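Undergrad: This is the structure I want to talk about, given as structure tokens.
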Amino acid sequence: MVRRRRAPRAAGRPVRVLLLHGLAGSTSVWRAYDRLAPDGVEIWEAVLPWGAEGDPEWSRGDDPADHVEHALDGVPGGVDAVVVHSFTAGPTLEALARRGTGRGPRAAVVVAPFHRRSPEHFTWDDALYYLGGFHRILEEGLRISAGDRIRPDLRSAMAQRVRDRIGPYGWQQFFGAYLRSPWLDVDALRLPVLVVAGVDDFAAPPDDARALAAALPDGRFQLFGDCGHFAMAEQPQRFADAVHRLLSEVFPGLAGGTAPTTRVAS
């Protein structure tokens with residue numbers, strides 16, 4: 001399901017931005033960006049089946065990239081730019097590569113992707129890390145969204161319940177998408193893509209984001225200090241500024257935009 005989150009605040013043709021949350025996430029993760037986005041941006045959001053309130057049945061055979069395609073097709077007038085977080089980054093890039101030039105957004109922002117350039121970069125230790133520590137990623141999402149309002153012990157119990165609801169098939173979808181990432185057709189992604197990582201991200205290694213940006217034909221990389229897996233919530237102003245610079249470059253007439261980005265930052 002897609003819905004308009006915020007109308008443009010400026011006259012003229014808006015830049016339609018579609019926001020895509022991660023696994024067990026929700027649209028609330030974009031709250032700060034909603035407030036900080038330029039006046040010329042019209043914000044749309046997708047409620048994906050792997051969200052916090054989704055039906056786990058999706059994980060037993062669905063192709064996540066198909067759901068992303070449905071979301072892209074659901075925005076009236078088409079999507080100009082997509083901003084995507086975490087697990088959903090892989091399926092989104094797969095969907096954009098399928099579409100090719102001219103059939104999709106003209107810019108993308110990818111936050112905390114799970115991506116490796118070679119299958120040899122995966123080991124059994126990776127599988128053990130993400131299987132045994134999956135609940136820690138979920139717990140971090142709860143910590144960012146709720147802050148100190150939830151006691152650590154209660155937050156841990158809640159994360160365990162979310163993990164159990166996602167189930168082994170949901171975990172397999174997550175790790176399977178990660179394992180497929182070396183085969184992403186990066187050459188088909190002929191659009192500017194800003195890849196954002198947090199230096200303290202224990203879930204998606206910053207080197208994954210750096211490698212993805214370097215492999216893309218028009219990739220840009222930004223590493224945020226004092227930041228983990230949720231740059232849009234942990235560093236909202238810096239994140240919004242980075243998105244604004246990209247949009248201003250691609251859409252020069254954007255109301256409320258800022259100066260162009262550099263191509264790759266490290």
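Residue numbering restarts at 1 in every chain; chains get A, B, ... in the order shown in the structure tokens, and ligands count up from 1 in that same order.
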For A:Gln173, find every residue with an atom within 10 Å (counting only C-alpha atoms), except residues of its own chain fewer than 3 positions away, and show them as a list in words.
TA: Leu23, Trp50, Trp58, Ser59, Arg60, Gly61, Asp62, Asp63, Pro64, Phe87, Pro168, Tyr169, Gly170, Gly176, Ala177, Tyr178 and Leu179 of chain A
Undergrad: Please save all heavy atoms of the selected residues as a short mmCIF file (atom, residue, chain, number, x, y, z; two decimals), in the first residue's frame.
TA:
```
data_model
loop_
_atom_site.label_atom_id
_atom_site.label_comp_id
_atom_site.auth_asym_id
_atom_site.auth_seq_id
_atom_site.Cartn_x
_atom_site.Cartn_y
_atom_site.Cartn_z
N LEU A 23 12.93 -4.11 7.18
CA LEU A 23 12.28 -5.28 7.76
C LEU A 23 11.86 -4.99 9.20
O LEU A 23 12.67 -4.50 10.00
CB LEU A 23 13.25 -6.47 7.73
CG LEU A 23 12.76 -7.79 8.29
CD1 LEU A 23 11.56 -8.31 7.51
CD2 LEU A 23 13.88 -8.82 8.28
N TRP A 50 6.52 -6.66 4.94
CA TRP A 50 7.47 -7.06 5.98
C TRP A 50 7.62 -5.99 7.06
O TRP A 50 8.57 -6.00 7.84
CB TRP A 50 8.83 -7.38 5.37
CG TRP A 50 9.36 -6.34 4.42
CD1 TRP A 50 10.05 -5.21 4.74
CD2 TRP A 50 9.26 -6.38 3.00
NE1 TRP A 50 10.37 -4.52 3.60
CE2 TRP A 50 9.91 -5.22 2.51
CE3 TRP A 50 8.69 -7.28 2.09
CZ2 TRP A 50 10.00 -4.93 1.15
CZ3 TRP A 50 8.78 -6.98 0.73
CH2 TRP A 50 9.44 -5.83 0.27
N TRP A 58 3.98 -13.33 3.79
CA TRP A 58 4.72 -12.85 2.62
C TRP A 58 6.06 -13.58 2.46
O TRP A 58 6.53 -13.78 1.34
CB TRP A 58 5.00 -11.35 2.73
CG TRP A 58 6.12 -11.05 3.70
CD1 TRP A 58 6.02 -10.85 5.04
CD2 TRP A 58 7.52 -10.97 3.39
NE1 TRP A 58 7.26 -10.64 5.60
CE2 TRP A 58 8.20 -10.71 4.61
CE3 TRP A 58 8.27 -11.10 2.23
CZ2 TRP A 58 9.58 -10.57 4.69
CZ3 TRP A 58 9.65 -10.96 2.30
CH2 TRP A 58 10.29 -10.70 3.51
N SER A 59 6.64 -13.98 3.59
CA SER A 59 8.01 -14.50 3.57
C SER A 59 8.10 -15.92 3.03
O SER A 59 9.20 -16.42 2.81
CB SER A 59 8.59 -14.46 4.98
OG SER A 59 7.90 -15.34 5.85
N ARG A 60 6.97 -16.56 2.77
CA ARG A 60 7.00 -17.98 2.39
C ARG A 60 7.03 -18.20 0.90
O ARG A 60 6.74 -19.29 0.43
CB ARG A 60 5.82 -18.70 3.03
CG ARG A 60 5.85 -18.62 4.54
CD ARG A 60 4.73 -19.38 5.20
NE ARG A 60 4.81 -19.25 6.66
CZ ARG A 60 3.96 -19.78 7.51
NH1 ARG A 60 2.95 -20.51 7.04
NH2 ARG A 60 4.10 -19.61 8.81
N GLY A 61 7.38 -17.20 0.15
CA GLY A 61 7.50 -17.41 -1.29
C GLY A 61 7.50 -16.15 -2.12
O GLY A 61 7.86 -16.18 -3.29
N ASP A 62 7.07 -15.03 -1.54
CA ASP A 62 7.02 -13.79 -2.31
C ASP A 62 8.42 -13.31 -2.67
O ASP A 62 9.38 -13.52 -1.92
CB ASP A 62 6.32 -12.69 -1.52
CG ASP A 62 4.83 -12.95 -1.35
OD1 ASP A 62 4.37 -14.00 -1.81
OD2 ASP A 62 4.16 -12.09 -0.74
N ASP A 63 8.52 -12.62 -3.80
CA ASP A 63 9.75 -11.94 -4.18
C ASP A 63 9.64 -10.51 -3.67
O ASP A 63 8.79 -9.74 -4.12
CB ASP A 63 9.91 -11.94 -5.70
CG ASP A 63 11.19 -11.27 -6.17
OD1 ASP A 63 11.86 -10.62 -5.35
OD2 ASP A 63 11.50 -11.36 -7.38
N PRO A 64 10.50 -10.09 -2.73
CA PRO A 64 10.39 -8.73 -2.19
C PRO A 64 10.47 -7.65 -3.26
O PRO A 64 9.82 -6.61 -3.15
CB PRO A 64 11.56 -8.64 -1.21
CG PRO A 64 11.83 -10.05 -0.81
CD PRO A 64 11.54 -10.87 -2.03
N PHE A 87 17.14 -3.68 4.90
CA PHE A 87 16.81 -4.86 4.11
C PHE A 87 16.18 -4.51 2.77
O PHE A 87 16.45 -5.15 1.74
CB PHE A 87 15.85 -5.75 4.91
CG PHE A 87 15.03 -6.71 4.07
CD1 PHE A 87 15.61 -7.85 3.52
CD2 PHE A 87 13.68 -6.47 3.82
CE1 PHE A 87 14.87 -8.72 2.73
CE2 PHE A 87 12.94 -7.33 3.04
CZ PHE A 87 13.53 -8.47 2.49
N PRO A 168 11.43 -17.97 10.91
CA PRO A 168 12.60 -18.40 10.13
C PRO A 168 12.50 -18.07 8.65
O PRO A 168 13.52 -17.84 7.99
CB PRO A 168 12.67 -19.91 10.38
CG PRO A 168 11.30 -20.29 10.85
CD PRO A 168 10.77 -19.11 11.57
N TYR A 169 11.27 -18.06 8.10
CA TYR A 169 11.15 -17.74 6.69
C TYR A 169 11.45 -16.26 6.44
O TYR A 169 12.05 -15.90 5.42
CB TYR A 169 9.76 -18.10 6.17
CG TYR A 169 9.56 -19.57 5.97
CD1 TYR A 169 8.97 -20.35 6.97
CD2 TYR A 169 9.98 -20.19 4.80
CE1 TYR A 169 8.79 -21.71 6.79
CE2 TYR A 169 9.81 -21.56 4.62
CZ TYR A 169 9.22 -22.31 5.62
OH TYR A 169 9.06 -23.67 5.45
N GLY A 170 11.03 -15.41 7.36
CA GLY A 170 11.36 -13.99 7.23
C GLY A 170 12.86 -13.77 7.34
O GLY A 170 13.43 -12.97 6.58
N GLY A 176 18.79 -14.31 2.58
CA GLY A 176 18.85 -14.68 1.17
C GLY A 176 19.08 -13.48 0.28
O GLY A 176 19.85 -13.54 -0.70
N ALA A 177 18.41 -12.35 0.58
CA ALA A 177 18.63 -11.13 -0.19
C ALA A 177 20.07 -10.66 -0.05
O ALA A 177 20.69 -10.19 -1.02
CB ALA A 177 17.67 -10.05 0.26
N TYR A 178 20.62 -10.79 1.15
CA TYR A 178 22.02 -10.43 1.39
C TYR A 178 22.95 -11.31 0.55
O TYR A 178 23.86 -10.81 -0.13
CB TYR A 178 22.31 -10.59 2.88
CG TYR A 178 23.50 -9.85 3.42
CD1 TYR A 178 24.31 -9.04 2.63
CD2 TYR A 178 23.82 -9.94 4.78
CE1 TYR A 178 25.39 -8.36 3.16
CE2 TYR A 178 24.90 -9.27 5.32
CZ TYR A 178 25.69 -8.48 4.51
OH TYR A 178 26.76 -7.81 5.05
N LEU A 179 22.69 -12.62 0.54
CA LEU A 179 23.52 -13.54 -0.22
C LEU A 179 23.44 -13.30 -1.73
O LEU A 179 24.39 -13.57 -2.46
CB LEU A 179 23.13 -14.99 0.09
CG LEU A 179 23.44 -15.51 1.50
CD1 LEU A 179 22.84 -16.89 1.68
CD2 LEU A 179 24.94 -15.57 1.74
#
```
Undergrad: With DSSP run on the backbone, what are the strand (DSSP E) residues within stretch 50-240 of chain A? I'd like them as a list in words.
TA: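 Going through stretch 50-240 of chain A, the strand (DSSP E) residues come out as Ala81, Val82, Val83, Val84, His85, Ala107, Ala108, Val109, Val110, Val111, Val193, Leu194, Val195, Val196, Ala197, Gly198, Gly219, Arg220, Phe221, Gln222, Leu223 and Phe224 of chain A.
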Undergrad: Emit the selected residues as an mmCIF file, in the first residue's frame, including C-alpha atoms.
TA:
```
data_model
loop_
_atom_site.group_PDB
_atom_site.id
_atom_site.type_symbol
_atom_site.label_atom_id
_atom_site.label_comp_id
_atom_site.auth_asym_id
_atom_site.auth_seq_id
_atom_site.Cartn_x
_atom_site.Cartn_y
_atom_site.Cartn_z
ATOM 1 C CA ALA A 81 13.225 9.672 -6.261
ATOM 2 C CA VAL A 82 13.220 6.786 -3.813
ATOM 3 C CA VAL A 83 14.693 6.695 -0.303
ATOM 4 C CA VAL A 84 15.086 3.198 1.105
ATOM 5 C CA HIS A 85 16.394 1.674 4.319
ATOM 6 C CA ALA A 107 17.568 9.383 -8.137
ATOM 7 C CA ALA A 108 17.851 7.078 -5.143
ATOM 8 C CA VAL A 109 19.079 7.256 -1.558
ATOM 9 C CA VAL A 110 20.052 3.961 0.055
ATOM 10 C CA VAL A 111 20.515 3.886 3.837
ATOM 11 C CA VAL A 193 22.520 6.819 -5.968
ATOM 12 C CA LEU A 194 23.559 8.253 -2.618
ATOM 13 C CA VAL A 195 24.575 5.485 -0.203
ATOM 14 C CA VAL A 196 24.538 6.468 3.476
ATOM 15 C CA ALA A 197 26.124 4.505 6.316
ATOM 16 C CA GLY A 198 26.663 5.019 10.039
ATOM 17 C CA GLY A 219 27.356 6.143 -6.727
ATOM 18 C CA ARG A 220 28.046 8.578 -3.921
ATOM 19 C CA PHE A 221 29.012 7.520 -0.394
ATOM 20 C CA GLN A 222 28.560 9.362 2.892
ATOM 21 C CA LEU A 223 29.636 7.974 6.258
ATOM 22 C CA PHE A 224 27.993 9.571 9.291
#
```
Undergrad: What are the nearest atom pairs, with distances in Å to one decimal, for all residues of stretch 45-120 of chain A that come at most 12 Å from stretch 126-136 of chain A, using only C-alpha atoms, set out by chain and rising residue number as JSON lines?
TA:
```
{"residue": "A:Phe114", "atom": "CA", "partner": "A:Tyr130", "partner_atom": "CA", "distance": 11.5}
{"residue": "A:Arg116", "atom": "CA", "partner": "A:Asp126", "partner_atom": "CA", "distance": 11.8}
{"residue": "A:Pro119", "atom": "CA", "partner": "A:Asp126", "partner_atom": "CA", "distance": 11.9}
{"residue": "A:Glu120", "atom": "CA", "partner": "A:Asp126", "partner_atom": "CA", "distance": 11.6}
```
Undergrad: So that I have them on file, write out the residues from the current selection with all heavy atoms, as a PDB file, in the first residue's frame.
TA:
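Writing the result to result.pdb gives the following:
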```pdb
ATOM      1  N   PHE A 114      22.598  -3.894   3.008  1.00  0.00           N
ATOM      2  CA  PHE A 114      23.328  -5.139   3.179  1.00  0.00           C
ATOM      3  C   PHE A 114      23.815  -5.558   1.791  1.00  0.00           C
ATOM      4  O   PHE A 114      23.020  -6.012   0.961  1.00  0.00           O
ATOM      5  CB  PHE A 114      22.420  -6.214   3.782  1.00  0.00           C
ATOM      6  CG  PHE A 114      21.990  -5.918   5.193  1.00  0.00           C
ATOM      7  CD1 PHE A 114      20.835  -5.195   5.453  1.00  0.00           C
ATOM      8  CD2 PHE A 114      22.755  -6.358   6.260  1.00  0.00           C
ATOM      9  CE1 PHE A 114      20.439  -4.923   6.747  1.00  0.00           C
ATOM     10  CE2 PHE A 114      22.370  -6.093   7.574  1.00  0.00           C
ATOM     11  CZ  PHE A 114      21.207  -5.366   7.810  1.00  0.00           C
ATOM     12  N   ARG A 116      27.356  -7.077  -0.566  1.00  0.00           N
ATOM     13  CA  ARG A 116      28.754  -7.480  -0.758  1.00  0.00           C
ATOM     14  C   ARG A 116      28.985  -7.730  -2.239  1.00  0.00           C
ATOM     15  O   ARG A 116      28.084  -8.126  -2.959  1.00  0.00           O
ATOM     16  CB  ARG A 116      29.095  -8.707   0.085  1.00  0.00           C
ATOM     17  CG  ARG A 116      28.914  -8.400   1.570  1.00  0.00           C
ATOM     18  CD  ARG A 116      29.521  -9.397   2.487  1.00  0.00           C
ATOM     19  NE  ARG A 116      29.185  -9.070   3.869  1.00  0.00           N
ATOM     20  CZ  ARG A 116      29.517  -9.798   4.920  1.00  0.00           C
ATOM     21  NH1 ARG A 116      30.223 -10.923   4.736  1.00  0.00           N
ATOM     22  NH2 ARG A 116      29.168  -9.435   6.137  1.00  0.00           N
ATOM     23  N   PRO A 119      30.586 -13.374  -3.776  1.00  0.00           N
ATOM     24  CA  PRO A 119      30.084 -14.448  -2.905  1.00  0.00           C
ATOM     25  C   PRO A 119      31.165 -14.978  -1.970  1.00  0.00           C
ATOM     26  O   PRO A 119      30.846 -15.514  -0.902  1.00  0.00           O
ATOM     27  CB  PRO A 119      29.612 -15.517  -3.899  1.00  0.00           C
ATOM     28  CG  PRO A 119      30.268 -15.181  -5.196  1.00  0.00           C
ATOM     29  CD  PRO A 119      30.471 -13.703  -5.209  1.00  0.00           C
ATOM     30  N   GLU A 120      32.425 -14.824  -2.347  1.00  0.00           N
ATOM     31  CA  GLU A 120      33.511 -15.279  -1.483  1.00  0.00           C
ATOM     32  C   GLU A 120      33.635 -14.442  -0.213  1.00  0.00           C
ATOM     33  O   GLU A 120      34.331 -14.833   0.730  1.00  0.00           O
ATOM     34  CB  GLU A 120      34.841 -15.255  -2.239  1.00  0.00           C
ATOM     35  CG  GLU A 120      35.031 -16.393  -3.226  1.00  0.00           C
ATOM     36  CD  GLU A 120      34.146 -16.238  -4.465  1.00  0.00           C
ATOM     37  OE1 GLU A 120      33.886 -15.078  -4.866  1.00  0.00           O
ATOM     38  OE2 GLU A 120      33.721 -17.275  -5.019  1.00  0.00           O
TER      39      GLU A 120
END
```
Undergrad: Enumerate, as an MDAnalysis selection string, the complete set of residues in stretch 59-112 of chain A that a backbone-based DSSP assignment places in alpha helix (DSSP H).
TA: chainID A and resid 64:73 89:99
Undergrad: Show me, as an MDAnalysis selection string, the residues that have an atom within 12 Å of A:Leu191 when counting only C-alpha atoms, minus same-chain residues fewer than 2 positions from it.
TA: chainID A and resid 80:82 93 96:97 99:109 186:189 193:194 213 216:220 246:247 249:250
Undergrad: Return the single residue from A:Ala204, A:Val243, A:Ile137, A:Val47 that is closest to A:Val17, with distances computed using only C-alpha atoms.
TA: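 The shortest atom-to-atom distance to A:Val17 comes from A:Val243.
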Undergrad: Compile the contact shell of A:Arg9 as an MDAnalysis selection string: residues with an atom at most 10 Å away, counting only C-alpha atoms, same-chain residues fewer than 3 positions apart removed.
TA: chainID A and resid 6 12 14 37:42 255:256
Undergrad: Would you save the residues of that selection, restricted to N, CA and C atoms, as an mmCIF file, in the first residue's frame?
TA:
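Okay, this is what ended up in part_28.cif:
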```cif
data_model
loop_
_atom_site.group_PDB
_atom_site.id
_atom_site.type_symbol
_atom_site.label_atom_id
_atom_site.label_comp_id
_atom_site.auth_asym_id
_atom_site.auth_seq_id
_atom_site.Cartn_x
_atom_site.Cartn_y
_atom_site.Cartn_z
ATOM 1 N N ARG A 6 2.943 13.673 2.752
ATOM 2 C CA ARG A 6 2.997 15.125 2.863
ATOM 3 C C ARG A 6 2.873 15.763 1.500
ATOM 4 N N GLY A 12 3.938 24.681 -8.220
ATOM 5 C CA GLY A 12 4.680 24.090 -9.323
ATOM 6 C C GLY A 12 4.708 22.579 -9.244
ATOM 7 N N PRO A 14 5.775 19.165 -8.281
ATOM 8 C CA PRO A 14 6.580 18.680 -7.153
ATOM 9 C C PRO A 14 7.542 17.573 -7.573
ATOM 10 N N ALA A 37 12.179 17.961 4.865
ATOM 11 C CA ALA A 37 12.249 17.890 3.401
ATOM 12 C C ALA A 37 11.962 19.249 2.772
ATOM 13 N N PRO A 38 12.535 19.531 1.598
ATOM 14 C CA PRO A 38 12.306 20.814 0.932
ATOM 15 C C PRO A 38 10.836 21.048 0.612
ATOM 16 N N ASP A 39 10.484 22.305 0.446
ATOM 17 C CA ASP A 39 9.088 22.665 0.191
ATOM 18 C C ASP A 39 8.558 22.060 -1.102
ATOM 19 N N GLY A 40 9.446 21.850 -2.073
ATOM 20 C CA GLY A 40 9.002 21.339 -3.359
ATOM 21 C C GLY A 40 8.847 19.837 -3.424
ATOM 22 N N VAL A 41 9.090 19.144 -2.313
ATOM 23 C CA VAL A 41 9.002 17.682 -2.279
ATOM 24 C C VAL A 41 7.598 17.252 -1.852
ATOM 25 N N GLU A 42 7.053 16.305 -2.598
ATOM 26 C CA GLU A 42 5.819 15.623 -2.220
ATOM 27 C C GLU A 42 6.213 14.239 -1.734
ATOM 28 N N ALA A 255 12.105 23.634 -5.213
ATOM 29 C CA ALA A 255 11.928 24.702 -4.231
ATOM 30 C C ALA A 255 12.460 24.260 -2.877
ATOM 31 N N GLY A 256 13.287 25.122 -2.274
ATOM 32 C CA GLY A 256 13.831 24.800 -0.964
ATOM 33 C C GLY A 256 15.018 23.869 -1.004
#
```
Undergrad: For the atom pair atom CA of A:Pro91 and atom CA of A:Ser118, what is the interatomic distance in Å to one decimal place?
TA: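 Between atom CA of A:Pro91 and atom CA of A:Ser118 the gap is 17.5 Å.
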Undergrad: Just checking: using only C-alpha atoms, which residue out of A:Ala46, A:Ala209, A:Ala214, A:Ala203 ends up closest to A:Thr27?
TA: A:Ala46
Undergrad: So what do you get for atom CA of A:Arg238 versus atom CA of A:Gly90, distance-wise?
TA: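 Separating atom CA of A:Arg238 from atom CA of A:Gly90 is a distance of 23.4 Å.
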Undergrad: Compile the contact shell of A:Val75 as a PyMOL selection string: residues with an atom at most 10 Å away, counting only C-alpha atoms, same-chain residues fewer than 4 positions apart removed.
TA: chain A and resi 1-4+16-18+44-46+70-71+79-80
Undergrad: For the residues selected in the previous step, produce a file with all heavy atoms as a compact mmCIF listing (two decimals), in the first residue's frame.
TA:
```
# COMPACT_ATOMS: atom_id res chain seq x y z
N MET A 1 0.84 -1.19 0.00
CA MET A 1 0.00 0.00 0.00
C MET A 1 0.88 1.24 0.00
O MET A 1 1.87 1.30 0.72
CB MET A 1 -0.90 0.01 1.24
CG MET A 1 -1.76 1.27 1.35
SD MET A 1 -2.83 1.27 2.81
CE MET A 1 -1.60 1.50 4.12
N VAL A 2 0.54 2.21 -0.81
CA VAL A 2 1.23 3.50 -0.80
C VAL A 2 0.23 4.59 -0.46
O VAL A 2 -0.96 4.49 -0.78
CB VAL A 2 1.92 3.81 -2.15
CG1 VAL A 2 3.02 2.81 -2.44
CG2 VAL A 2 0.92 3.87 -3.28
N ARG A 3 0.71 5.63 0.19
CA ARG A 3 -0.14 6.76 0.53
C ARG A 3 0.70 8.02 0.58
O ARG A 3 1.91 7.97 0.86
CB ARG A 3 -0.82 6.52 1.89
CG ARG A 3 0.16 6.33 3.04
CD ARG A 3 -0.51 5.72 4.25
NE ARG A 3 0.42 5.54 5.34
CZ ARG A 3 0.22 4.72 6.38
NH1 ARG A 3 -0.89 3.99 6.45
NH2 ARG A 3 1.11 4.64 7.35
N ARG A 4 0.05 9.14 0.32
CA ARG A 4 0.77 10.39 0.38
C ARG A 4 0.95 10.80 1.83
O ARG A 4 -0.02 10.88 2.58
CB ARG A 4 0.04 11.49 -0.40
CG ARG A 4 0.90 12.75 -0.56
CD ARG A 4 0.33 13.72 -1.55
NE ARG A 4 -0.83 14.42 -1.02
CZ ARG A 4 -1.35 15.51 -1.57
NH1 ARG A 4 -0.82 16.01 -2.70
NH2 ARG A 4 -2.41 16.09 -1.05
N ARG A 16 8.33 14.00 -6.50
CA ARG A 16 7.68 12.95 -5.71
C ARG A 16 8.73 11.98 -5.18
O ARG A 16 9.42 11.32 -5.95
CB ARG A 16 6.64 12.21 -6.56
CG ARG A 16 5.53 13.11 -7.09
CD ARG A 16 4.47 12.30 -7.82
NE ARG A 16 3.49 13.17 -8.45
CZ ARG A 16 3.57 13.61 -9.70
NH1 ARG A 16 4.59 13.24 -10.47
NH2 ARG A 16 2.65 14.41 -10.19
N VAL A 17 8.82 11.90 -3.87
CA VAL A 17 9.79 11.04 -3.19
C VAL A 17 9.05 9.93 -2.48
O VAL A 17 8.14 10.19 -1.68
CB VAL A 17 10.64 11.85 -2.19
CG1 VAL A 17 11.56 10.92 -1.40
CG2 VAL A 17 11.46 12.91 -2.91
N LEU A 18 9.43 8.68 -2.77
CA LEU A 18 8.83 7.52 -2.13
C LEU A 18 9.77 6.99 -1.07
O LEU A 18 10.94 6.71 -1.34
CB LEU A 18 8.54 6.43 -3.17
CG LEU A 18 7.99 5.10 -2.63
CD1 LEU A 18 6.61 5.30 -2.00
CD2 LEU A 18 7.92 4.06 -3.74
N TRP A 44 5.71 10.47 -0.43
CA TRP A 44 4.87 9.27 -0.41
C TRP A 44 5.58 8.21 0.41
O TRP A 44 6.81 8.18 0.50
CB TRP A 44 4.63 8.78 -1.83
CG TRP A 44 3.72 9.67 -2.62
CD1 TRP A 44 4.04 10.88 -3.17
CD2 TRP A 44 2.35 9.43 -2.90
NE1 TRP A 44 2.94 11.43 -3.79
CE2 TRP A 44 1.88 10.55 -3.65
CE3 TRP A 44 1.46 8.41 -2.61
CZ2 TRP A 44 0.57 10.66 -4.10
CZ3 TRP A 44 0.15 8.49 -3.06
CH2 TRP A 44 -0.29 9.61 -3.80
N GLU A 45 4.80 7.34 1.01
CA GLU A 45 5.37 6.25 1.79
C GLU A 45 4.67 4.94 1.43
O GLU A 45 3.49 4.94 1.08
CB GLU A 45 5.22 6.52 3.29
CG GLU A 45 3.78 6.65 3.77
CD GLU A 45 3.67 7.10 5.20
OE1 GLU A 45 4.69 7.52 5.79
OE2 GLU A 45 2.55 7.02 5.76
N ALA A 46 5.43 3.87 1.52
CA ALA A 46 4.87 2.54 1.27
C ALA A 46 4.80 1.78 2.58
O ALA A 46 5.72 1.83 3.40
CB ALA A 46 5.73 1.78 0.27
N HIS A 70 5.42 -2.85 -7.10
CA HIS A 70 4.03 -2.46 -6.89
C HIS A 70 3.96 -1.08 -6.22
O HIS A 70 3.11 -0.25 -6.55
CB HIS A 70 3.29 -3.49 -6.05
CG HIS A 70 3.09 -4.81 -6.74
ND1 HIS A 70 2.82 -4.91 -8.09
CD2 HIS A 70 3.11 -6.09 -6.26
CE1 HIS A 70 2.68 -6.19 -8.42
NE2 HIS A 70 2.86 -6.92 -7.33
N ALA A 71 4.85 -0.85 -5.26
CA ALA A 71 4.87 0.44 -4.58
C ALA A 71 5.26 1.55 -5.54
O ALA A 71 4.64 2.63 -5.55
CB ALA A 71 5.83 0.39 -3.39
N VAL A 79 7.21 8.00 -9.57
CA VAL A 79 8.16 8.34 -8.51
C VAL A 79 9.37 9.01 -9.13
O VAL A 79 9.97 8.50 -10.08
CB VAL A 79 8.59 7.06 -7.75
CG1 VAL A 79 9.67 7.38 -6.73
CG2 VAL A 79 7.39 6.41 -7.08
N ASP A 80 9.76 10.15 -8.59
CA ASP A 80 10.94 10.87 -9.06
C ASP A 80 12.20 10.41 -8.33
O ASP A 80 13.29 10.36 -8.92
CB ASP A 80 10.76 12.37 -8.88
CG ASP A 80 9.61 12.92 -9.69
OD1 ASP A 80 9.59 12.67 -10.91
OD2 ASP A 80 8.72 13.59 -9.12
```
